[in-house]
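Data block below; observations after.
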Amino acid sequence: MAEAANFKAIGTRPIRPDGIDKVTGRANFGADLNLPDMLHGKVLRSPHAHARIKRIDLTKAQAMEGVYAVISSADFPQEVTSSLSKNILARDKALYHGHALAAVAARTPRIAEEALERIEVEYEVLPPVLSLDDAMRERAILVCEDLRTNDDESSPPSNVAATQRFERGDVTKGFAKADVIVQEEFRVPSAHQGYIEPHACVATSNPGGRVTIWCTTQGPFEVRSATAGVLNKTVSDIKVIPSEIGGGFGGKTVVYLEPVAVRLSELTGKPVKMVMNREEVFRATGPASATLCKIKVGAKKDGRITAATAWLAYEAGAFPGSPVGPGCMSVFAPYDIDNFLVEGYDVLVNKPKVAAYRAPGAPQSMHAMECAIDELAQELEIDPIDLRLKNAAKEGTIAPYGPKFPPIGLVECLEAAKRHPNYVNKPSEEVGRGVAVGFWFNIGMQSSAEVNIAEDGAVSIMEGSPDIGGSRASMCLMAAETLGVPYETINAHVGDTESTGFCNLTGGSRTTFATGLAVVKACEDVIAQCKARAAMTWELDVEQVDWRDGQAVPRPGVNIDVEPLSLADIAKTMSRTGGPLLGRASLNAQGAGACFSVNWTDVTIDRETGKVDVKAFTAIQDAGRAIHPSYVEGQMQGGAVQGLGWALNEEYIYDDNGVVENASFLDYRVPVASDMPMIDCEIVEVPNPSHPYGVRGVGETPIVAPLAATSNAVRDLLGFRINDLPLSPPNVLAAIDSTD
Amino acid sequence: MSKIYVSTTVNGRPEDVLCEAHQTLLDLLRDEIGLTGTKEGCGTGDCGACTVLLDDRLVCSCLVLAPEADGKEITTVEGIADSQDGLHVVQQKLLEHAALQCGVCTPGFVVAAKALLDRDPNPDEKTIRYWLAGNLCRCTGYDKIIRAVQDAAQELTPTK
Amino acid sequence: MARVVFPDHLHRFTDGTHELEVDCSSFRQLVQILEERWPGIESVITSTTVAIDGQLFQDAWFEKIEPDSEVFFLQRIEGG
């Protein structure tokens, strides 16, 4: 692998190719497309968290002038019984406040909304299940009457959809060896991804059954397969064109509107546009799981952990599938522990089905563990970073979830933290400081890329990963580095499902790693073609030609006097040497590198109001290699502030009937500019050996550590711990009052 | 439903539009005039993605009824860059600082930040943070946006 | 013989077997052997994340397995 110092493009910070369109209002997002003769679709949503649907009468709505179609789940293929299809439109039961029941297509959004009011629904209102405790108790009310734990037909129906368990060593013996044991319970509430752009799509279907969908999504190919599944169509019937995407963070990996819009278009023969409002986004799209995590950790006086147990329950919402699996696998991931036991529970409640949210599952379980580690550090009077160094996983450590770690950067991050001036400078009396570690696995999966060379040598990349945070710039930088041409001569485009090869979604921190790998390989394909054409021009064997600094040159020792041929030179004569230059690569990327971070938060607390103010925050993270350091920092800073929001304010508030009481940005309060300090970043680079430039992927890890770092900072200042999040003014004030 | 005639100026050009009483200024811009650079993030004035200038006052266009725009001058993100001089310094600095990730909140920030610098060419960090507190960004954590605006101010008043 | 480890959520397919030594040279062969032993397990273990000697695979079909390899079946990892 090339050394960092030798890179020409990688590690620089150029302006992103799609930048000007995004600062001038030209970029087209999900709601920006309008087609001729287009109708507007709206969704009727359940006012009850749990209710049997006895009757839906659409006739009055259908009779309205300007209404073209009104549909319910009866208008969808009944043989499809997936959770997804039942989430898109409820069948026999409404399972959460906001669950879609029916949809209208009308000439204007206003008429569609009025038509919703004329749909008559008769409910048998049922008591809702709103907490893990209620869901898991004996004789609990059931969200789904025929769900059995782990599909075990011999067990009675339950709200627990699945259990996990894995262990190593002997925890009883391990705890017996411990000098200190910490045992605590922690609750983390549901938080929403809070992307600023609501879900939106336009669908059009022709009489031949061909469907085109424009939508805002992290994964156009996943929209295609999910929509095909719900509508019982083949994927080749559907073309998905991704718009620019206004944030996702995992929340735009799921379809809600698209199959409904397609069905409305099929019935009306017209394009149908559907756009959620913010209240719908909060009520009906996936937040992160609310969790209860019970942690027990034992250690020797010197800080060495002897045993740990974790009992983790995750709300899945109304259908199975919380990220409790990754939660279980990540809870002890930063540490080398000989004896542990992890148990996990995937639990149904009458709330919206959860969706991925940045490192799905990890922030909640690792909040619990990192708080427990902090308690150990307090009891043992060991610096929290030294305690973590004492137990840190490194290359060769067997990860708690099974495999052996390849090269990872946790120790390097911890050592960088110890040296960092922000850490060396101890906070004043009135400031509390808390440290925590973050982790995410990262994933590879399938990507494709094409690299086209124009007749003037300009480079055009076509790939399938929606650009959610500057990935076009990263692709161009890797192409510039590989081809040896200037960044400014390269552009990157995100194709639709029929103009680019298959590509999994933008998520799991995979885009720069996996799609980046495809771009590098497609560029190498171009280089091979250029060398062949130079060899043809010079009447040499291709083995006698090298590619150096963006030019074909005779290999040293080849006795020929010619001028080097640049990419532009070769492009100019490409018709003569075999036609267009087109490089291609498609792959299933393996070897995504695990990503670790260390964060610390400095806080003050107003003891009269309970308000916690973040005075400083520092994030250190192993990027493997930072292709565009500004966008790596951007991931670290954005993830940090999302984590701080979750720690300090964000939560779903339900009344006793399961009605969401804070479904707006006014009441669900995400951090604003005046809440936050600058977020200081240090990028550590321990290259991932599975990527030609060492990329790990950086998007998920940043949200993990801020939760516990902030909890630990509050603990440091108050002298006692508040176990549950959020550390909002009422909760902090109540805790202070209860200790007075 | 009878339509209401609205005569307004958008980005320096006269626009005469028929709209319905319930439509907002945001609807007027996006759906009637076709300026989709102004975004809707919430519809309740909480996110600032729809920020425009109405007679030089910053407003959330989702909270202004379209008929209220009659006789007024409106500036949207599409009117910030100059066709002769190119990008406004705020736009240029947002790009240089990589201060946008998804970019959907960016139009609101561009309009709001320019309005701040027009009023106060030399704001400190706290002033910038409070001025922009009505604009939500979920991607960046604000750090690079604040630095971009500081840098833009520096460029506008280099003697600072 | 490669060491193959099944987490709890697979135990209902493996009659409770936690760990197994298997003589195989590729993941495809391993899947065939396991499917013969426990019919129905194939669709589950080919749709989950697998770790072979520390390396995570979302789809390991043609990956080599050495005599001293360790194979772990994990929960499927995706991301946000």
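Letters A, B, ... mark the chains of the structure tokens in the order given; residue numbers begin at 1 per chain; ligand numbers begin at 1, in order shown.
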- Task: Step one, run DSSP on the backbone; step two, keep only residues of range 434-490 of chain A assigned to strand (DSSP E or B); then write them as number ranges by chain.
- Result: A: 434-440, 445-453, 459-463, 490
- Message: If DSSP is run on the backbone, what residues of range 506-708 of chain A are alpha helix (DSSP H)? A reply as JSON, numbers by chain would be ideal.
- Response: {"A": [516, 517, 518, 519, 520, 521, 522, 523, 524, 525, 526, 527, 528, 529, 530, 531, 532, 533, 534, 535, 536, 537, 538, 567, 568, 569, 570, 571, 572, 574, 575, 576, 577, 629, 630, 631, 632, 633, 634, 635, 636, 637, 638, 639, 640, 641, 642, 643, 644, 645, 646, 647, 648, 705, 706, 707, 708]}
- Message: Show me, as a ChimeraX atom specification, the residues of chain A whose atoms get within 6 Å of chain B, using only C-alpha atoms for the distance check.
- Response: /A:15,22-25,32,196-197,246-247,278,468-470,634,637-638,641,665-666,672-674,678
Please identify every residue of chain A that has at least one atom no farther than 7 Å from an atom of chain C, counting only C-alpha atoms, and for each give the shortest atom pair and the distance in Å to one decimal, arranged by chain then increasing number, as CSV.
residue,atom,partner,partner_atom,distance
A:Thr163,CA,C:His9,CA,6.7
A:Gln164,CA,C:His9,CA,5.7
A:Arg165,CA,C:Asp8,CA,5.1
A:Phe166,CA,C:Pro7,CA,6.1
A:Phe249,CA,C:Gly80,CA,5.2
A:Gly250,CA,C:Gly80,CA,3.4
A:Gly325,CA,C:Gln75,CA,5.6
A:Pro326,CA,C:Ile77,CA,6.5
A:Ala356,CA,C:Gly80,CA,4.8
A:Tyr357,CA,C:Gly80,CA,4.9
A:Arg358,CA,C:Gly80,CA,4.2
A:Ala359,CA,C:Gly79,CA,5.8
A:Pro360,CA,C:Gly79,CA,6.1
A:Gly402,CA,C:Phe72,CA,6.0
A:Pro403,CA,C:Gly54,CA,4.1
A:Lys404,CA,C:Gly54,CA,4.1
A:Phe405,CA,C:Gly54,CA,5.7
A:Pro406,CA,C:Gly54,CA,6.6
A:Ile443,CA,C:Glu78,CA,6.7
A:Met445,CA,C:Gln58,CA,6.5
A:Gly507,CA,C:Gly80,CA,4.9
A:Gly508,CA,C:Gly79,CA,3.5
A:Gln590,CA,C:Phe57,CA,5.9
A:Gly591,CA,C:Gln55,CA,5.9
A:Glu700,CA,C:Gly80,CA,6.9
- Task: Counting only C-alpha atoms, figure out which residue out of A:Pro242, A:Pro220, A:Gly643, A:Gly298 gets nearest to Thr601 in chain A.
- Result: A:Gly643
- Within 10 Å of Ala74 in chain A, counting only C-alpha atoms, which residues show up once you throw out same-chain ones fewer than 5 positions away? Write them as a PyMOL selection string, please. chain A and resi 56+89-91+102
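Contact shell of Glu21 in chain C at 9 Å (only C-alpha atoms; same-chain neighbours under 5 positions omitted): Met1, Ala2, Arg3, Val4 and Val5 of chain C.
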- Excluding same-chain residues fewer than 3 positions from range 460-465 of chain A, what lies within 9 Å of it counting only C-alpha atoms, as a ChimeraX atom specification? /A:218-221,447-454,468,471-472,475-476,479,489-497,499-506,511,515,518-519
- Would you mind listing what lies within 8 Å of Asp57 in chain A as a list in words, with only C-alpha atoms counted and same-chain residues fewer than 6 positions away left out?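 These residues fall inside the cut-off: Ile119, Glu120 and Val121 of chain A.
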Could you write out that same residue set with N, CA and C atoms as a PDB file, in the first residue's frame?
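Contents of out-v4.pdb, freshly written:
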ATOM      1  N   ILE A 119     -63.210   9.268   4.638  1.00  0.00           N
ATOM      2  CA  ILE A 119     -63.071   7.803   4.760  1.00  0.00           C
ATOM      3  C   ILE A 119     -63.588   7.414   6.147  1.00  0.00           C
ATOM      4  N   GLU A 120     -64.496   6.447   6.173  1.00  0.00           N
ATOM      5  CA  GLU A 120     -65.072   6.031   7.468  1.00  0.00           C
ATOM      6  C   GLU A 120     -64.416   4.741   7.933  1.00  0.00           C
ATOM      7  N   VAL A 121     -63.877   4.777   9.127  1.00  0.00           N
ATOM      8  CA  VAL A 121     -63.244   3.588   9.693  1.00  0.00           C
ATOM      9  C   VAL A 121     -63.924   3.264  11.019  1.00  0.00           C
TER      10      VAL A 121
END
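Here CA of Ser2 in chain B and CA of Pro67 in chain B stand 12.8 Å from one another.
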